[in-house]
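One structure is given here, and the rest of the page talks about it.
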Amino acid sequence: MQNAIAQRAPRKPASFYRLKRRVVRGLQIFALLLVLIYTLFPYYWAFVSSTKQGAALYRSALLPALDFTYYRQLIDNPIFMGSLLNSAYVAVSTTLLSLIIGISAAYALGRIDFPQRRAMLMIVLMISIFPQVVVLSGLFELINWLGLFNRPSALILTYLLSTVPFTTWILTTFIREFPRELEEAAIIDGCSHFRILMKILLPLMGPSLASTGILAFILAWNEFLFALTFTLTDENRTVPVAIGLIAGTSRYEYPFGQIMAASVTVTLPLIAVVLVFQRRIVAGLTAGAVKG
Amino acid sequence: MASVSLHSVSKSFGTHAVIQGVELQIDDGEFVVFVGPSGCGKSTLLRIVAGLVAPTDGVVAIGGDDVTDVPASRRGVAFVFQSYALYPHMSVARNIGFALETLGMAKEAVSQKVLSVARMLKVDHLMDRRPRELSGGQRQRVAIGRALVRQPEIFLFDEPLSNLDSDLRMEMRLEIARLHNDLKTTMIYVTHDQSEAMTLADRIVVLNHGRIEQVGTPQQLYHAPDNRFVAGFIGSPRMNFMGVSSQATAGRIVGAGNLSLALASSDLENPITEIGIRPEGLRLVAEGDGRMVCILERIEDLGHEHFGYCRISDDTVWVIRLPEAPSPDRIGKPVGLDFADAAVFAFAGDGRRIALAGLQKMAAEAPLP
Ligand SMILES: Nc1ncnc2c1ncn2[C@@H]1O[C@H](COP(=O)(O)OP(=O)(O)OP(=O)(O)O)[C@@H](O)[C@H]1O
Ligand SMILES: [Mg+2]
C-alpha cells in the first residue's frame with residue numbers, strides 16, 4: 001500500500017497549475033489576435049487608403065486620414081451607382097432563383113426514390129467543379145444565341161450554373177436528414193405536398209436557406225469573369241467590373257484611392273447581410289451534424 | 001368507428017420481403033396489439049394500414065371499403081408516432097389543431113375543439129409552449145391530442161410509450177386504456193412491452209419475420225400458444241425450454257435433469273423434440289422429491305417476487321418464480337423441481353405445439369438411457 005502511493009508522481013503545487021492555465025490562456029488570445037489581424041488587415045488597409053489623398057497614399061501610415069472625398073465622388077458617379085443597382089438586381093435574383101430551384105430539386109433528390117437519383121447527384125456535383133474558364137466560350141455562344149448578350153439577365157443565367165449545384169447539395173442533405181415521421185404526421189393530418197413544403201419544411205429550413213442563400217448571394221455579388229465577358233456597356237456593368245474599369249483622370253494616374261473607396265463600399269452590404277444572418281448561418285452549416 | 005381487414009398483404013423493399021401474406025380481421029371497436037421481435041415488420045404493417053406505406057400485394061379494407069389505393073389523409077386514421085413527431089415550430093395549440101386548420105375549419109371552431117381535447121388530456125395549461133419546452137410525458141399527451149382532435153375511425157399507435165420512464169409508462173398505459181373505454185374506437189397498437197400488450201389488448205397479434213404466428217386473446221396466447229415461438233415470446237420471464245428425446249415405443253420422453261415423462265398417447269410421425277415450462281409453473285422442492293433434479297445457482301430477490309436460477313445441464317439454466325426467497329444455504333446445492341402436468345408444453349421438431357393428453361410421473365429414479 002505504502003509502495004503504491006510512493007510510486008505515483010508527486011503532485012505539483014496549485015500555483016503551478018494556475019500559472020500554466022494563465023500561460024495557455026495568453027497563448028490562445030495571441031493566436032486569436034494573429035488570425036484576426038491576418039484576415040482583417042487587408043480590409044482595414046483598403047479603408048485607410050480610401051481616405052487618403054494624392055501623395056499620402058504612398059506613405060504607409062496605418063491611421064486613416066478620414067477624408068471622404070472619394071466616397072462623395074462615388075456617390076456622384078452615375079455609372080458606379082448604376083452598377084450597384086445592377087449588382088443588387090443580379091445577386092438578389094440569382095439567390096432567389098437558385099433557392100427555388102434548389103429546394104425543388106432537393107425535395108426530389110432527398111425524398112423521392114427513383115433509380116437515377118445517385119447519378120443525378122453526381123452530375124450536379126460535377127457541374128460545380130468545372131472551372132469557369134472552361135465553360136466560358138460555350139456559355140458565350142449560348143448567351144448570344146438566346147439574345148441575352150450585354151444584359152444583366154445573362155449574368156443571372158450563368159451564375160445559376162454555379163449556385164444551383166451547391167444549393168441543391170446542401171438542401172438535399174438537409175431534406176435527407178429531416179425526420180420522416182414529421183412529414184408522415186403532416187400527411188396523416190391531411191397536408192398536400194405543397195402544404196408540407198410551405199408549412200412544415202420551409203419554416204424549419206430557415207437556417208439552411210439563410211446559409212445557402214448567403215453563399216449564393218456572395219458568389220453572385222463578387223463574380224468578375226462572366227460579368228466582364230457578357231456585358232459590354234457601362235450601364236449594364238456589375239460592381240466588380242465597374243471597379244476594375246475605374247480609370248484615373250490621366251493615363252498615368254492609377255486611381256488607387258477611388259478603387260479602394262469603391263471596394264469598401266461594395267463590401268458593406270455583404271457585411272450587413274452576414275451580420276444579420278450570422279447566427280442562422282452557423283446553425284445552417286452545422287445542421288444535421290448533431291441530432292437535435 | 002370501423003373494422004379493418006387485411007387480405008394476403010405483402011410488402012417487399014427491393015428483394016427483402018418484410019411482410020408476407022398477412023391475413024387479419026379486426027372488428028369495430030377492438031383493441032389489437034402487434035407484438036414481435038425487433039425488425040419483424042410491426043411498424044411496416046401499421047404503416048400499411050395507415051396508408052403511409054403501399055403494400056406490394058394484397059388488399060387493405062377499412063369499414064368494408066377497399067382503401068388499398070386511398071391516400072393516408074382520406075382513410076380516417078390517426079397515427080401516434082414513437083418519436084411523437086410534433087411540429088417543432090408550432091405551439092402546442094397549433095400542433096393539436098393543425099389537422100383541422102388544414103381542413104379549412106373556422107378559427108373559432110378549431111380553438112374550441114383544441115381546448116376541449118387539451119382539457120381532456122390535461123395539457124390545457126401548456127397551450128403556448130413549443131414541443132421542446134415539454135417533458136416526454138407532456139409531448140406524448142400532445143401527440144395523442146393531435147390524433148384525438150380529428151375524431152378518427154381508427155387509432156394507430158407505434159410504440160407510443162417506449163420513450164417514457166416506467167412510472168410514466170404505467171400511467172399513460174392506464175390513460176390509453178381509459179381512452180379506449182370512453183371512445184370505443186378501433187385501436188391498433190404496436191409495442192415491445194409484454195405488460196402493455198397483455199393489459200391493453202382485446203387480441204394480440206404475434207408477428208415474426210413478417211408472418212403472423214398467432215392471433216388471440218392474451219389468455220389464449222399465454223395458456224395455449226400455437227407454437228414454440230409464441231410460447232417463448234409471450235410471458236416474462238420467458239418460458240424455460242429443454243430439448244428432449246422421444247422414446248415413442250416406450251411411450252415416454254426423457255431429458256436432462258432426470259426428466260422422464262410417460263405419454264398417454266404418442267404420435268410416431270411427429271415426435272416431441274422439446275418441452276417448455278413457464279417459470280411460474282415450477283416449484284422448488286427438496287432434493288429427491290419432485291420430477292427433476294438441478295442445482296440452484298442463484299436467487300434474485302425483487303422484494304415482491306423471487307427468481308431462482310437452476311442449472312439443469314451444462315447449457316440449460318431454468319428460471320423459477322418463487323413465492324418466497326429460499327434459504328441462502330441451498331445455493332450451489334442440488335434441489336428438486338416439481339410441476340403439474342398441465343404446466344408442460346410440448347413441441348414438435350417444426351415448432352408446432354403438441355397437445356398432451358396426460359402425463360404420468362415416472363419415478364425420478366428411473367435410470368437414464
Ligand atoms: N424504407 C425501408 N426501406 C428498406 N427496408 C426497410 C424500410 N423500412 C423498414 N425496412 C425493413 O423492414 C423490416 C421491418 O421493419 P419495421 O420497422 O416494420 O420493424 P419493426 O417490427 O417495427 O421493428 P422495431 O420493433 O425495431 O420497431 C426491417 O428489417 C427493416 O430493415
Ligand atoms: Mg417499429
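Chain labels follow the order of the C-alpha cells: the first chain is A, the next B, and so on; residue numbering restarts at 1 in every chain, and ligands are counted from 1 in their shown order.
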Handout entry: For Glu235 of chain A: contacts at 12 Å, only C-alpha atoms, fewer than 3 positions along chain excluded, given as an NGL selection string
Key = :A and (77-87 or 150-152 or 231-232 or 238-239 or 241-242)
Keeping N, CA, C and O atoms for every residue in the selection just given, could you write it to a file as a compact mmCIF listing (two decimals), in the first residue's frame?
```
# COMPACT_ATOMS: atom_id res chain seq x y z
N ASN A 77 -21.13 59.56 -58.95
CA ASN A 77 -20.81 58.91 -60.21
C ASN A 77 -21.98 58.02 -60.64
O ASN A 77 -22.23 56.97 -60.07
N PRO A 78 -22.76 58.45 -61.67
CA PRO A 78 -23.98 57.69 -62.03
C PRO A 78 -23.65 56.29 -62.51
O PRO A 78 -24.42 55.36 -62.28
N ILE A 79 -22.52 56.12 -63.16
CA ILE A 79 -22.20 54.79 -63.67
C ILE A 79 -21.97 53.82 -62.52
O ILE A 79 -22.49 52.70 -62.50
N PHE A 80 -21.23 54.29 -61.49
CA PHE A 80 -20.98 53.41 -60.35
C PHE A 80 -22.28 53.08 -59.63
O PHE A 80 -22.54 51.92 -59.29
N MET A 81 -23.12 54.10 -59.42
CA MET A 81 -24.39 53.84 -58.74
C MET A 81 -25.25 52.90 -59.55
O MET A 81 -25.91 52.00 -59.03
N GLY A 82 -25.22 53.07 -60.89
CA GLY A 82 -25.95 52.15 -61.77
C GLY A 82 -25.46 50.73 -61.62
O GLY A 82 -26.25 49.78 -61.54
N SER A 83 -24.12 50.59 -61.52
CA SER A 83 -23.59 49.23 -61.42
C SER A 83 -23.96 48.61 -60.08
O SER A 83 -24.17 47.40 -59.99
N LEU A 84 -24.08 49.46 -59.04
CA LEU A 84 -24.54 48.93 -57.74
C LEU A 84 -25.94 48.34 -57.88
O LEU A 84 -26.23 47.24 -57.40
N LEU A 85 -26.80 49.11 -58.57
CA LEU A 85 -28.17 48.62 -58.78
C LEU A 85 -28.17 47.31 -59.57
O LEU A 85 -28.87 46.36 -59.22
N ASN A 86 -27.35 47.29 -60.64
CA ASN A 86 -27.25 46.07 -61.44
C ASN A 86 -26.84 44.89 -60.58
O ASN A 86 -27.43 43.81 -60.65
N SER A 87 -25.79 45.12 -59.78
CA SER A 87 -25.30 44.04 -58.92
C SER A 87 -26.39 43.55 -57.99
O SER A 87 -26.58 42.34 -57.82
N ASN A 150 -24.90 41.30 -73.23
CA ASN A 150 -24.92 42.65 -72.68
C ASN A 150 -26.21 42.96 -71.91
O ASN A 150 -26.69 44.08 -71.91
N ARG A 151 -26.79 41.96 -71.27
CA ARG A 151 -27.95 42.20 -70.40
C ARG A 151 -27.68 41.56 -69.05
O ARG A 151 -27.10 40.47 -68.98
N PRO A 152 -28.11 42.19 -67.98
CA PRO A 152 -27.88 41.59 -66.65
C PRO A 152 -28.50 40.19 -66.54
O PRO A 152 -27.98 39.33 -65.83
N THR A 231 -20.97 41.47 -70.46
CA THR A 231 -21.51 42.82 -70.56
C THR A 231 -20.54 43.67 -71.34
O THR A 231 -19.33 43.45 -71.31
N LEU A 232 -21.12 44.65 -72.05
CA LEU A 232 -20.28 45.43 -72.95
C LEU A 232 -20.27 46.89 -72.54
O LEU A 232 -19.24 47.52 -72.46
N THR A 238 -21.73 45.21 -63.62
CA THR A 238 -21.91 45.00 -62.19
C THR A 238 -20.71 45.59 -61.46
O THR A 238 -19.71 45.94 -62.08
N VAL A 239 -20.82 45.65 -60.16
CA VAL A 239 -19.83 46.37 -59.36
C VAL A 239 -18.39 45.89 -59.54
O VAL A 239 -17.49 46.71 -59.75
N VAL A 241 -16.82 44.57 -61.98
CA VAL A 241 -16.28 45.01 -63.26
C VAL A 241 -16.13 46.53 -63.27
O VAL A 241 -15.10 47.06 -63.70
N ALA A 242 -17.14 47.21 -62.77
CA ALA A 242 -17.07 48.67 -62.72
C ALA A 242 -15.85 49.13 -61.95
O ALA A 242 -15.13 50.04 -62.38
```
Exercise for the section: Residues within 8 Å of ligand 2, counting only C-alpha atoms and all ligand atoms: report them as JSON, numbers by chain. Expected result: {"B": [38, 39, 41, 42, 43, 44, 158, 159, 190]}
Store the residues of this selection in a file with all heavy atoms, as a JSON list (two decimals), in the first residue's frame.
```
[["chain", "number", "residue", "atom", "x", "y", "z"],
["B", 38, "SER", "N", -37.77, -7.25, -32.69],
["B", 38, "SER", "CA", -37.39, -6.07, -33.45],
["B", 38, "SER", "C", -37.13, -6.44, -34.91],
["B", 38, "SER", "O", -36.51, -7.46, -35.20],
["B", 38, "SER", "CB", -36.13, -5.48, -32.83],
["B", 38, "SER", "OG", -35.91, -4.22, -33.36],
["B", 39, "GLY", "N", -37.66, -5.64, -35.81],
["B", 39, "GLY", "CA", -37.42, -5.86, -37.22],
["B", 39, "GLY", "C", -38.35, -6.87, -37.86],
["B", 39, "GLY", "O", -38.14, -7.26, -39.01],
["B", 41, "GLY", "N", -41.43, -6.40, -38.67],
["B", 41, "GLY", "CA", -42.39, -5.78, -39.59],
["B", 41, "GLY", "C", -43.63, -5.20, -38.94],
["B", 41, "GLY", "O", -44.59, -4.89, -39.62],
["B", 42, "LYS", "N", -43.60, -5.00, -37.61],
["B", 42, "LYS", "CA", -44.77, -4.44, -36.93],
["B", 42, "LYS", "C", -45.08, -3.04, -37.43],
["B", 42, "LYS", "O", -46.21, -2.74, -37.82],
["B", 42, "LYS", "CB", -44.50, -4.36, -35.41],
["B", 42, "LYS", "CG", -44.11, -5.65, -34.76],
["B", 42, "LYS", "CD", -43.88, -5.47, -33.27],
["B", 42, "LYS", "CE", -42.69, -4.60, -32.95],
["B", 42, "LYS", "NZ", -41.40, -5.25, -33.17],
["B", 43, "SER", "N", -44.06, -2.18, -37.43],
["B", 43, "SER", "CA", -44.28, -0.80, -37.86],
["B", 43, "SER", "C", -44.71, -0.77, -39.32],
["B", 43, "SER", "O", -45.58, 0.01, -39.69],
["B", 43, "SER", "CB", -43.00, 0.02, -37.71],
["B", 43, "SER", "OG", -42.59, 0.01, -36.38],
["B", 44, "THR", "N", -44.09, -1.60, -40.13],
["B", 44, "THR", "CA", -44.43, -1.61, -41.54],
["B", 44, "THR", "C", -45.89, -1.99, -41.73],
["B", 44, "THR", "O", -46.61, -1.35, -42.50],
["B", 44, "THR", "CB", -43.51, -2.60, -42.30],
["B", 44, "THR", "OG1", -42.16, -2.28, -41.98],
["B", 44, "THR", "CG2", -43.72, -2.51, -43.78],
["B", 158, "ASP", "N", -47.69, 3.58, -32.72],
["B", 158, "ASP", "CA", -46.44, 2.85, -32.94],
["B", 158, "ASP", "C", -45.53, 3.06, -31.73],
["B", 158, "ASP", "O", -44.87, 4.09, -31.62],
["B", 158, "ASP", "CB", -45.76, 3.31, -34.22],
["B", 158, "ASP", "CG", -44.64, 2.38, -34.63],
["B", 158, "ASP", "OD1", -44.32, 1.45, -33.86],
["B", 158, "ASP", "OD2", -44.08, 2.57, -35.72],
["B", 159, "GLU", "N", -45.49, 2.10, -30.85],
["B", 159, "GLU", "CA", -44.69, 2.15, -29.63],
["B", 159, "GLU", "C", -44.75, 3.52, -28.97],
["B", 159, "GLU", "O", -43.72, 4.16, -28.76],
["B", 159, "GLU", "CB", -43.23, 1.81, -29.93],
["B", 159, "GLU", "CG", -43.12, 0.48, -30.65],
["B", 159, "GLU", "CD", -41.72, -0.07, -30.64],
["B", 159, "GLU", "OE1", -40.96, 0.29, -29.72],
["B", 159, "GLU", "OE2", -41.39, -0.87, -31.51],
["B", 190, "VAL", "N", -48.75, -0.94, -31.47],
["B", 190, "VAL", "CA", -47.53, -1.73, -31.60],
["B", 190, "VAL", "C", -46.71, -1.54, -30.34],
["B", 190, "VAL", "O", -46.58, -0.42, -29.86],
["B", 190, "VAL", "CB", -46.69, -1.26, -32.81],
["B", 190, "VAL", "CG1", -45.32, -1.89, -32.80],
["B", 190, "VAL", "CG2", -47.40, -1.59, -34.11]]
```
Practice task
Write out as a list in words which residues come within 9 Å of Gln258 of chain A when counting only C-alpha atoms, dropping same-chain ones fewer than 5 positions away.
Solution key: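 The contact residues come out as Ser50, Tyr70, Tyr71, Gln73, Leu74, Ile243, Ile246, Gly248 and Ser263 of chain A.
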Exercise for the section: Within 10 Å of ligand 1, which residues show up when you count only C-alpha atoms and all ligand atoms? List them as a count of residues only, please. Expected result: 35
Using only C-alpha atoms, I'd like every residue of chain B that has an atom within 7 Å of chain A; please write them out as a short mmCIF file (atom, residue, chain, number, x, y, z; two decimals) with N, CA, C and O atoms, in the first residue's frame.
```cif
data_model
loop_
_atom_site.label_atom_id
_atom_site.label_comp_id
_atom_site.auth_asym_id
_atom_site.auth_seq_id
_atom_site.Cartn_x
_atom_site.Cartn_y
_atom_site.Cartn_z
N LEU B 52 -49.32 4.98 -45.15
CA LEU B 52 -48.02 5.64 -45.31
C LEU B 52 -47.09 4.79 -46.15
O LEU B 52 -46.13 5.28 -46.73
N ALA B 72 -53.36 8.31 -47.26
CA ALA B 72 -53.44 8.27 -45.80
C ALA B 72 -54.43 9.30 -45.24
O ALA B 72 -55.18 9.01 -44.30
N SER B 73 -54.44 10.49 -45.82
CA SER B 73 -55.26 11.55 -45.26
C SER B 73 -56.76 11.29 -45.43
O SER B 73 -57.58 11.90 -44.77
N ALA B 78 -55.74 8.00 -37.41
CA ALA B 78 -54.82 8.89 -36.73
C ALA B 78 -53.64 8.05 -36.28
O ALA B 78 -53.81 6.89 -35.92
N ALA B 85 -43.22 13.06 -33.16
CA ALA B 85 -43.32 13.82 -34.42
C ALA B 85 -44.19 15.06 -34.29
O ALA B 85 -45.03 15.33 -35.13
N LEU B 86 -43.99 15.80 -33.21
CA LEU B 86 -44.70 17.09 -33.07
C LEU B 86 -43.99 18.11 -33.95
O LEU B 86 -42.78 18.05 -34.11
N TYR B 87 -44.75 19.05 -34.50
CA TYR B 87 -44.12 20.07 -35.33
C TYR B 87 -43.35 21.03 -34.42
O TYR B 87 -43.94 21.73 -33.61
N HIS B 89 -41.90 23.84 -34.73
CA HIS B 89 -42.02 25.30 -34.83
C HIS B 89 -43.42 25.77 -34.48
O HIS B 89 -43.72 26.94 -34.63
N ALA B 99 -54.47 19.73 -38.05
CA ALA B 99 -55.26 18.94 -39.00
C ALA B 99 -56.57 19.65 -39.33
O ALA B 99 -57.01 19.68 -40.48
N THR B 102 -55.90 22.52 -41.53
CA THR B 102 -55.68 22.05 -42.89
C THR B 102 -57.01 21.78 -43.59
O THR B 102 -57.16 22.01 -44.79
#
```
With a distance cut-off of 12 Å and only C-alpha atoms, select the neighbouring residues of Pro271 of chain B, excluding the residue or stretch itself and same-chain residues fewer than 4 positions from it, and output the selection as a JSON list (two decimals) with C-alpha atoms, in the first residue's frame.
```json
[["chain", "number", "residue", "atom", "x", "y", "z"],
["B", 243, "GLY", "CA", -34.61, -30.43, -25.82],
["B", 244, "VAL", "CA", -35.92, -33.93, -25.11],
["B", 245, "SER", "CA", -35.75, -37.22, -26.86],
["B", 246, "SER", "CA", -38.89, -39.16, -27.52],
["B", 247, "GLN", "CA", -38.90, -42.83, -26.89],
["B", 248, "ALA", "CA", -42.16, -43.37, -28.66],
["B", 249, "THR", "CA", -42.03, -47.13, -28.41],
["B", 251, "GLY", "CA", -44.21, -44.21, -24.52],
["B", 252, "ARG", "CA", -42.17, -41.60, -22.77],
["B", 253, "ILE", "CA", -39.90, -38.65, -23.26],
["B", 263, "LEU", "CA", -47.05, -40.16, -22.53],
["B", 265, "SER", "CA", -50.54, -41.37, -26.36],
["B", 266, "SER", "CA", -47.85, -40.64, -28.85],
["B", 267, "ASP", "CA", -47.65, -39.75, -32.49],
["B", 275, "ILE", "CA", -40.68, -29.19, -23.89],
["B", 346, "ALA", "CA", -44.57, -29.96, -25.78],
["B", 347, "PHE", "CA", -43.29, -29.01, -29.21],
["B", 348, "ALA", "CA", -42.59, -30.94, -32.39],
["B", 349, "GLY", "CA", -39.45, -30.52, -34.45],
["B", 350, "ASP", "CA", -41.09, -27.87, -36.66],
["B", 351, "GLY", "CA", -42.03, -25.79, -33.60],
["B", 352, "ARG", "CA", -45.73, -26.64, -33.51],
["B", 353, "ARG", "CA", -47.19, -27.33, -30.10],
["B", 354, "ILE", "CA", -48.40, -30.85, -29.49],
["B", 355, "ALA", "CA", -51.31, -31.16, -27.11],
["B", 356, "LEU", "CA", -50.55, -33.61, -24.36]]
```
Exercise for the section: Step one, run DSSP on the backbone; step two, keep only residues of segment 36-234 of chain A assigned to helix (DSSP H, G or I); then write them as a PyMOL selection string. Expected result: chain A and resi 36-50+54-58+69-76+78-111+117-127+132-146+152-177+180-188+193-222+225-230+234
Handout entry: Long-range neighbours of Thr212 of chain A as a list in words, 8 Å cut-off, only C-alpha atoms, 5 positions minimum in chain
Key =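 The residues that qualify are Leu99, Phe166, Thr167 and Ile170 of chain A.
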Go ahead and dump the residues you just picked, N, CA, C and O atoms, as a JSON list (two decimals), in the first residue's frame.
```
[["chain", "number", "residue", "atom", "x", "y", "z"],
["A", 99, "LEU", "N", -32.43, 29.37, -54.86],
["A", 99, "LEU", "CA", -33.10, 28.74, -53.72],
["A", 99, "LEU", "C", -34.34, 27.99, -54.18],
["A", 99, "LEU", "O", -34.59, 26.85, -53.76],
["A", 166, "PHE", "N", -24.53, 23.88, -55.64],
["A", 166, "PHE", "CA", -24.25, 23.77, -54.21],
["A", 166, "PHE", "C", -25.49, 24.00, -53.36],
["A", 166, "PHE", "O", -25.64, 23.38, -52.31],
["A", 167, "THR", "N", -26.43, 24.87, -53.82],
["A", 167, "THR", "CA", -27.68, 24.98, -53.04],
["A", 167, "THR", "C", -28.38, 23.62, -53.04],
["A", 167, "THR", "O", -28.85, 23.17, -52.00],
["A", 170, "ILE", "N", -26.55, 21.21, -50.56],
["A", 170, "ILE", "CA", -26.75, 21.50, -49.14],
["A", 170, "ILE", "C", -28.19, 21.20, -48.75],
["A", 170, "ILE", "O", -28.47, 20.56, -47.73]]
```
Problem - Distance query Lys184 of chain B at most 12 Å, only C-alpha atoms, self and fewer than 5 positions along chain excluded, as a list in words - result: Met1, Ala2, Ser3, Asp27, Asp28, Gly29, Glu30, Phe31, Gln151, Pro152, Glu153, Ile154, Phe155, Ile176, Ala177, Arg178, Leu179 and Asp202 of chain B
Now that the selection is made, can you save its residues with N, CA, C and O atoms as a JSON list (two decimals), in the first residue's frame?
```
[["chain", "number", "residue", "atom", "x", "y", "z"],
["B", 1, "MET", "N", -65.64, 5.00, -36.31],
["B", 1, "MET", "CA", -65.70, 3.59, -35.94],
["B", 1, "MET", "C", -65.62, 2.72, -37.20],
["B", 1, "MET", "O", -66.36, 2.95, -38.14],
["B", 2, "ALA", "N", -64.72, 1.77, -37.18],
["B", 2, "ALA", "CA", -64.59, 0.97, -38.39],
["B", 2, "ALA", "C", -63.85, -0.32, -38.11],
["B", 2, "ALA", "O", -63.04, -0.39, -37.19],
["B", 3, "SER", "N", -64.14, -1.31, -38.90],
["B", 3, "SER", "CA", -63.37, -2.54, -38.85],
["B", 3, "SER", "C", -62.21, -2.40, -39.82],
["B", 3, "SER", "O", -62.20, -1.52, -40.67],
["B", 27, "ASP", "N", -62.15, -6.26, -35.66],
["B", 27, "ASP", "CA", -63.53, -5.82, -35.56],
["B", 27, "ASP", "C", -63.62, -4.38, -35.12],
["B", 27, "ASP", "O", -62.69, -3.83, -34.53],
["B", 28, "ASP", "N", -64.76, -3.81, -35.39],
["B", 28, "ASP", "CA", -65.06, -2.45, -34.98],
["B", 28, "ASP", "C", -64.92, -2.33, -33.46],
["B", 28, "ASP", "O", -65.48, -3.13, -32.71],
["B", 29, "GLY", "N", -64.17, -1.35, -33.00],
["B", 29, "GLY", "CA", -64.05, -1.09, -31.57],
["B", 29, "GLY", "C", -63.06, -1.96, -30.85],
["B", 29, "GLY", "O", -62.88, -1.84, -29.64],
["B", 30, "GLU", "N", -62.37, -2.81, -31.57],
["B", 30, "GLU", "CA", -61.44, -3.72, -30.92],
["B", 30, "GLU", "C", -60.11, -3.02, -30.61],
["B", 30, "GLU", "O", -59.73, -2.08, -31.30],
["B", 31, "PHE", "N", -59.44, -3.49, -29.58],
["B", 31, "PHE", "CA", -58.08, -3.02, -29.28],
["B", 31, "PHE", "C", -57.13, -4.17, -29.62],
["B", 31, "PHE", "O", -57.10, -5.17, -28.93],
["B", 151, "GLN", "N", -61.10, 13.11, -34.47],
["B", 151, "GLN", "CA", -62.13, 12.10, -34.29],
["B", 151, "GLN", "C", -61.99, 11.00, -35.33],
["B", 151, "GLN", "O", -62.88, 10.77, -36.13],
["B", 152, "PRO", "N", -60.85, 10.29, -35.30],
["B", 152, "PRO", "CA", -60.59, 9.30, -36.33],
["B", 152, "PRO", "C", -61.45, 8.05, -36.12],
["B", 152, "PRO", "O", -61.98, 7.84, -35.03],
["B", 153, "GLU", "N", -61.56, 7.27, -37.18],
["B", 153, "GLU", "CA", -62.27, 6.00, -37.06],
["B", 153, "GLU", "C", -61.35, 4.93, -36.49],
["B", 153, "GLU", "O", -61.80, 3.94, -35.94],
["B", 154, "ILE", "N", -60.06, 5.12, -36.69],
["B", 154, "ILE", "CA", -59.09, 4.14, -36.20],
["B", 154, "ILE", "C", -57.89, 4.89, -35.62],
["B", 154, "ILE", "O", -57.39, 5.84, -36.23],
["B", 155, "PHE", "N", -57.46, 4.46, -34.45],
["B", 155, "PHE", "CA", -56.22, 4.98, -33.87],
["B", 155, "PHE", "C", -55.10, 4.00, -34.12],
["B", 155, "PHE", "O", -55.26, 2.81, -33.88],
["B", 176, "ILE", "N", -54.46, 5.36, -21.79],
["B", 176, "ILE", "CA", -54.85, 4.86, -23.12],
["B", 176, "ILE", "C", -55.98, 3.85, -22.98],
["B", 176, "ILE", "O", -56.93, 3.85, -23.76],
["B", 177, "ALA", "N", -55.91, 3.02, -21.94],
["B", 177, "ALA", "CA", -56.99, 2.06, -21.70],
["B", 177, "ALA", "C", -58.29, 2.81, -21.46],
["B", 177, "ALA", "O", -59.35, 2.44, -21.98],
["B", 178, "ARG", "N", -58.22, 3.88, -20.66],
["B", 178, "ARG", "CA", -59.43, 4.64, -20.36],
["B", 178, "ARG", "C", -59.98, 5.30, -21.62],
["B", 178, "ARG", "O", -61.18, 5.33, -21.87],
["B", 179, "LEU", "N", -59.04, 5.81, -22.44],
["B", 179, "LEU", "CA", -59.42, 6.45, -23.70],
["B", 179, "LEU", "C", -60.20, 5.47, -24.57],
["B", 179, "LEU", "O", -61.24, 5.80, -25.14],
["B", 202, "ASP", "N", -57.46, -6.46, -26.53],
["B", 202, "ASP", "CA", -58.54, -7.43, -26.65],
["B", 202, "ASP", "C", -57.96, -8.68, -27.32],
["B", 202, "ASP", "O", -58.22, -9.79, -26.91]]
```
Handout entry: Contacts of Met260 of chain A at 7 Å (only C-alpha atoms; same-chain gap of 3+ positions) as an NGL selection string
Key = :A and (46-47 or 49-50 or 256-257 or 263-264)
